[in-house]
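Asker: Got a structure here, written out as structure tokens. Questions coming.
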Amino acid sequence: GPRPLCQLKLANTTDLSVTEATPLRFQDYAPAFTMDGKHLAFLSTRSFDPVYDEHVFDLAFVVGARPHLITLAATTPSPFGPQRHGRSFETPDREETPDSEGTPTTRIDLEGLADRIVPFPVEAARYTNLRAAKDGVLWLRHPVTGVLGASRATPDDPEPKSELERYDLAQQRVEHLAVDADHFAVSGDGKRVLLWTDGRLKVVPSDRRASNDDDSDSNITVDLGRVRQFVDPAAEWRQMFDENGRIMRDHFWRPDMSGVDWDGVLDRYRPVVERLATHDDLVDLLWEVQGELGTSHAYVTPRGGPGGPRQGLLGADISRHEDGSWRVDRILPSETSDPDARSPLAAPGVAVRPGDAIVAIAGQPVDPVAGPGPLLIGTANKPVELTISPSGGGDPRHAVVIPVADEEPLRYHAWVADRRAYVHERSGGRLGYLHVPDMQAPGWAQIHRDLRVEVAREGLVVDVRENRGGHTSQLVVEKLARRVVGWAVPRGMRPYSYPEDAPRGPVVAVANEFSGSDGDIVNAAIKALGLGPVVGTRTWGGVIGIDSRYRLVDGTLVTQPKYAFWLEGYEWGVENHGVDPDVEIVQRPQDHAAGRDIQLDEAIRLALESLETAPAKTPPGLPT
């Protein structure tokens, strides 16, 4: 059905007729017949219990799934209903009559089937992988967490784990079988569970929590250390080359492969496979093959990443001075709303100031040529002692800091703060500034850090330069498209607009050649909706989306451009072209070197010019 709706259907294996088991209104998934043949259990997102947003006026359905059950025969009562003498009210019928092999036969009364859907008496949550087992039903229950992990008590806290739960249909209760479950499968007789947990493969009972004895009959750990796998890399690469070709053929956004003779492309490149010497060679080859289609988002990404100790960074600009000392020139400020933007030298108790010299790290003198970098190898996220010589003179002092592994969040927030202050200063405080780094969870969080303050100004500059794309552009556009049509004027409080978080005046967007994917789309949408002009340069030009569903045999990720995008005013033309700005301003290297942002200057000029002819909406005075 319409994304993401899906329904369950029943097929009669005798006459091949197909009947709806559930209506096409919700997401119904993970169906399983109970082992007694009386019920069809499944998961469904049909719980609608909205939660108020903490930051903005909004309601969200944070959890909506719950296990449900259909009684297949009309005379079979709900297992969650009233009981009589230890069993449910039920008249004997053909359901309880086993066939010649002892397997219960199943009767399905199609009339009123959807009316017999009942929820399990468990709370709504996030569930997957419902499976039938002996005398009950199993499922995975997943914790509800923020996408960025910022809600954990500390960044070092472990992520909450998924839990394997069992509902006992006879006892009508939930049992917790494992608190750390990644995947599981049920044995054919329904009595055992093969469970992947905490990096181990275990065999445990399906009807009770396993004992703590790791080698008992009810808790068996499979020794995977005895597994041996022999790999012929050349044969594996041949297989990966062919499989990548098949996956692309079956998922590319155009069945005609954009007119490319795909079989001919594969045949032309296949001889090169025999000359590969390393996996890197294979990755390079697959990139070339994908590139023959001339479409964005056709990626090849090998599994894994760089290893070894991580370089510690101090979140500061440090340089060598004429006297041979290494001094702190600038300390990047912390962004307290982002756990990843922690500034080591700005932490409580450190008290380092610009101009101070770092003379030793962990008791080792800083080399006047190499500087502090070599002494910070392997110190990321670990305490280390610095010896600091104050710029104003005096005895050296010691401070314990925890270096970070990545300064990008710190430098990004500092860059945004500088741009915001610049817009405020150049506009005399009349214009607000928002930067949208991507169309994903980090970008959505970044918008809302300063949304209320910035939209309250007379006009708004929305900077989508360097936008890495994603899928949230429609949410961003909804915010920008709001228009003030009224005001709430409470006594003793500041008036606020109706609707809330709506720009009071003109909106000007800034884009460049690194605004890509959903960063292309947001600019096209801003122009199509007439929200305001786009200033800068033509965007990246890649809007055929992917779902990153497939990996090859060794874990190498290959993507297939699958989700084509048609946009009003551009039709199919954004792919391989991008979105043209209304006002083209090219940022030259010499502008960057001189610290000039001529694209932002033009956006400010246009917004202020627009305010002269169309002043911002303002709250009314009280009636006389």
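Labels for the structure tokens follow display order: chains A, B, ..., residues from 1 in each chain, ligands from 1.
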Env of Ala210 in chain A: 8 Å cut, atoms = only C-alpha atoms, seq-sep filter 5 positions within chain, self excluded. Answer as a short mmCIF file (atom, residue, chain, number, x, y, z; two decimals) with C-alpha atoms, in the first residue's frame.
Answerer:
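Contents of out.cif, freshly written:
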data_model
loop_
_atom_site.label_atom_id
_atom_site.label_comp_id
_atom_site.auth_asym_id
_atom_site.auth_seq_id
_atom_site.Cartn_x
_atom_site.Cartn_y
_atom_site.Cartn_z
CA LEU A 177 14.37 -14.37 28.14
CA VAL A 204 18.62 -21.60 25.14
CA PRO A 205 15.09 -22.77 26.02
CA SER A 218 19.61 -25.02 29.21
CA ASN A 219 22.36 -22.56 28.27
#
Asker: Report the residues of range 79-313 of chain A whose backbone DSSP state falls under strand (DSSP E), written as a PyMOL selection string.
Answerer: chain A and resi 83-84+87-88+117-119+126-133+136-142+163-168+173-178+183-186+192-197+200-205+215-216+219-221+300-301
Asker: If we count only C-alpha atoms and set the cut-off at 10 Å, which residues sit around Trp253 in chain A, ignoring sequence neighbours fewer than 5 positions away in its own chain? Please answer as a list in words.
Answerer: Met248, Ser258, Thr295, Ile544, Gly545, Ile546, Gln560, Pro561, Lys562, Tyr563, Ala564 and Phe565 of chain A
Asker: For range 323-333 of chain A, list every protein, DNA or RNA residue within 8 Å, evaluated using only C-alpha atoms, and leave out those in the same chain fewer than 3 positions away; present the list as an MDAnalysis selection string.
Answerer: chainID A and resid 315:320 343 345:346 353:359 366 368:369 371:372 410:411 414
Asker: Which residues are close to Tyr127 in chain A, i.e. within 12 Å by only C-alpha atoms, leaving aside same-chain residues fewer than 4 positions away? Reply as a PyMOL selection string.
Answerer: chain A and resi 28-30+42-45+63-68+122-123+131+138-144+162-165
Asker: Could you produce a table of the residues of range 211-277 of chain A lying within 12 Å of range 179-199 of chain A, with the nearest pair of atoms per residue and their separation in Å rounded to one decimal, using only C-alpha atoms, ordered by chain and increasing residue number, as JSON lines?
Answerer:
{"residue": "A:Asp217", "atom": "CA", "partner": "A:Arg192", "partner_atom": "CA", "distance": 11.1}
{"residue": "A:Ser218", "atom": "CA", "partner": "A:Arg192", "partner_atom": "CA", "distance": 9.0}
{"residue": "A:Asn219", "atom": "CA", "partner": "A:Val193", "partner_atom": "CA", "distance": 10.1}
{"residue": "A:Ile220", "atom": "CA", "partner": "A:Leu194", "partner_atom": "CA", "distance": 9.6}
{"residue": "A:Thr221", "atom": "CA", "partner": "A:Leu195", "partner_atom": "CA", "distance": 9.4}
{"residue": "A:Val222", "atom": "CA", "partner": "A:Leu194", "partner_atom": "CA", "distance": 9.6}
{"residue": "A:Asp223", "atom": "CA", "partner": "A:Gly199", "partner_atom": "CA", "distance": 11.5}
{"residue": "A:Leu224", "atom": "CA", "partner": "A:Gly199", "partner_atom": "CA", "distance": 10.3}
Asker: What parts of range 65-228 of chain A does DSSP call helix (DSSP H, G or I)? I'd like the answer as a list in words.
Answerer: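 Matching residues, listed in order: Arg94, Glu95, Glu96, Ala114, Asp115, Arg116, Leu224, Gly225 and Arg226 of chain A.
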Asker: Could you tell me which of A:Gly394, A:Pro615, A:Pro581, A:Pro409 comes closest to Thr336 in chain A if we count only C-alpha atoms?
Answerer: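 Looking only at the distances to Thr336 in chain A, the closest residue turns out to be A:Pro409.
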Asker: Write out as a list of chain:residue names which residues come within 10 Å of Val147 in chain A when counting only C-alpha atoms, dropping same-chain ones fewer than 6 positions away.
Answerer: A:Gln440, A:Ala441, A:Pro442
Asker: Rounded to one decimal, what separation in Å do you get between CA of Ala41 in chain A and CA of Val203 in chain A?
Answerer: 23.9 Å
Asker: Between CA of His297 in chain A and CA of Asp406 in chain A, what is the distance, to one decimal in Å?
Answerer: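 Separation of CA of His297 in chain A and CA of Asp406 in chain A: 26.2 Å.
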Asker: Using only C-alpha atoms, pick whichever of A:Val453, A:Ala150, A:Leu40, A:Val461 has the shortest atom-to-atom distance to Arg116 in chain A.
Answerer: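 So, comparing all the options, the nearest one is A:Leu40.
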Asker: I want to know what sits within 10 Å of Glu568 in chain A, based on only C-alpha atoms, with residues of the same chain fewer than 6 positions away left out; could you give that as a ChimeraX atom specification?
Answerer: /A:524-525,527-529
Asker: May I have the residues from that selection written out with N, CA, C and O atoms, as an mmCIF file, in the first residue's frame?
Answerer:
data_model
loop_
_atom_site.group_PDB
_atom_site.id
_atom_site.type_symbol
_atom_site.label_atom_id
_atom_site.label_comp_id
_atom_site.auth_asym_id
_atom_site.auth_seq_id
_atom_site.Cartn_x
_atom_site.Cartn_y
_atom_site.Cartn_z
ATOM 1 N N ALA A 524 15.396 23.249 -4.491
ATOM 2 C CA ALA A 524 14.345 23.186 -5.508
ATOM 3 C C ALA A 524 12.979 23.440 -4.881
ATOM 4 O O ALA A 524 12.125 24.118 -5.470
ATOM 5 N N ALA A 525 12.753 22.908 -3.680
ATOM 6 C CA ALA A 525 11.465 23.097 -3.003
ATOM 7 C C ALA A 525 11.278 24.549 -2.575
ATOM 8 O O ALA A 525 10.174 25.102 -2.678
ATOM 9 N N LYS A 527 12.416 27.143 -4.061
ATOM 10 C CA LYS A 527 12.072 27.905 -5.259
ATOM 11 C C LYS A 527 10.659 27.567 -5.733
ATOM 12 O O LYS A 527 9.890 28.465 -6.111
ATOM 13 N N ALA A 528 10.279 26.283 -5.720
ATOM 14 C CA ALA A 528 8.965 25.879 -6.205
ATOM 15 C C ALA A 528 7.849 26.479 -5.355
ATOM 16 O O ALA A 528 6.783 26.839 -5.871
ATOM 17 N N LEU A 529 8.089 26.599 -4.055
ATOM 18 C CA LEU A 529 7.074 27.138 -3.145
ATOM 19 C C LEU A 529 7.132 28.653 -3.034
ATOM 20 O O LEU A 529 6.304 29.256 -2.348
#
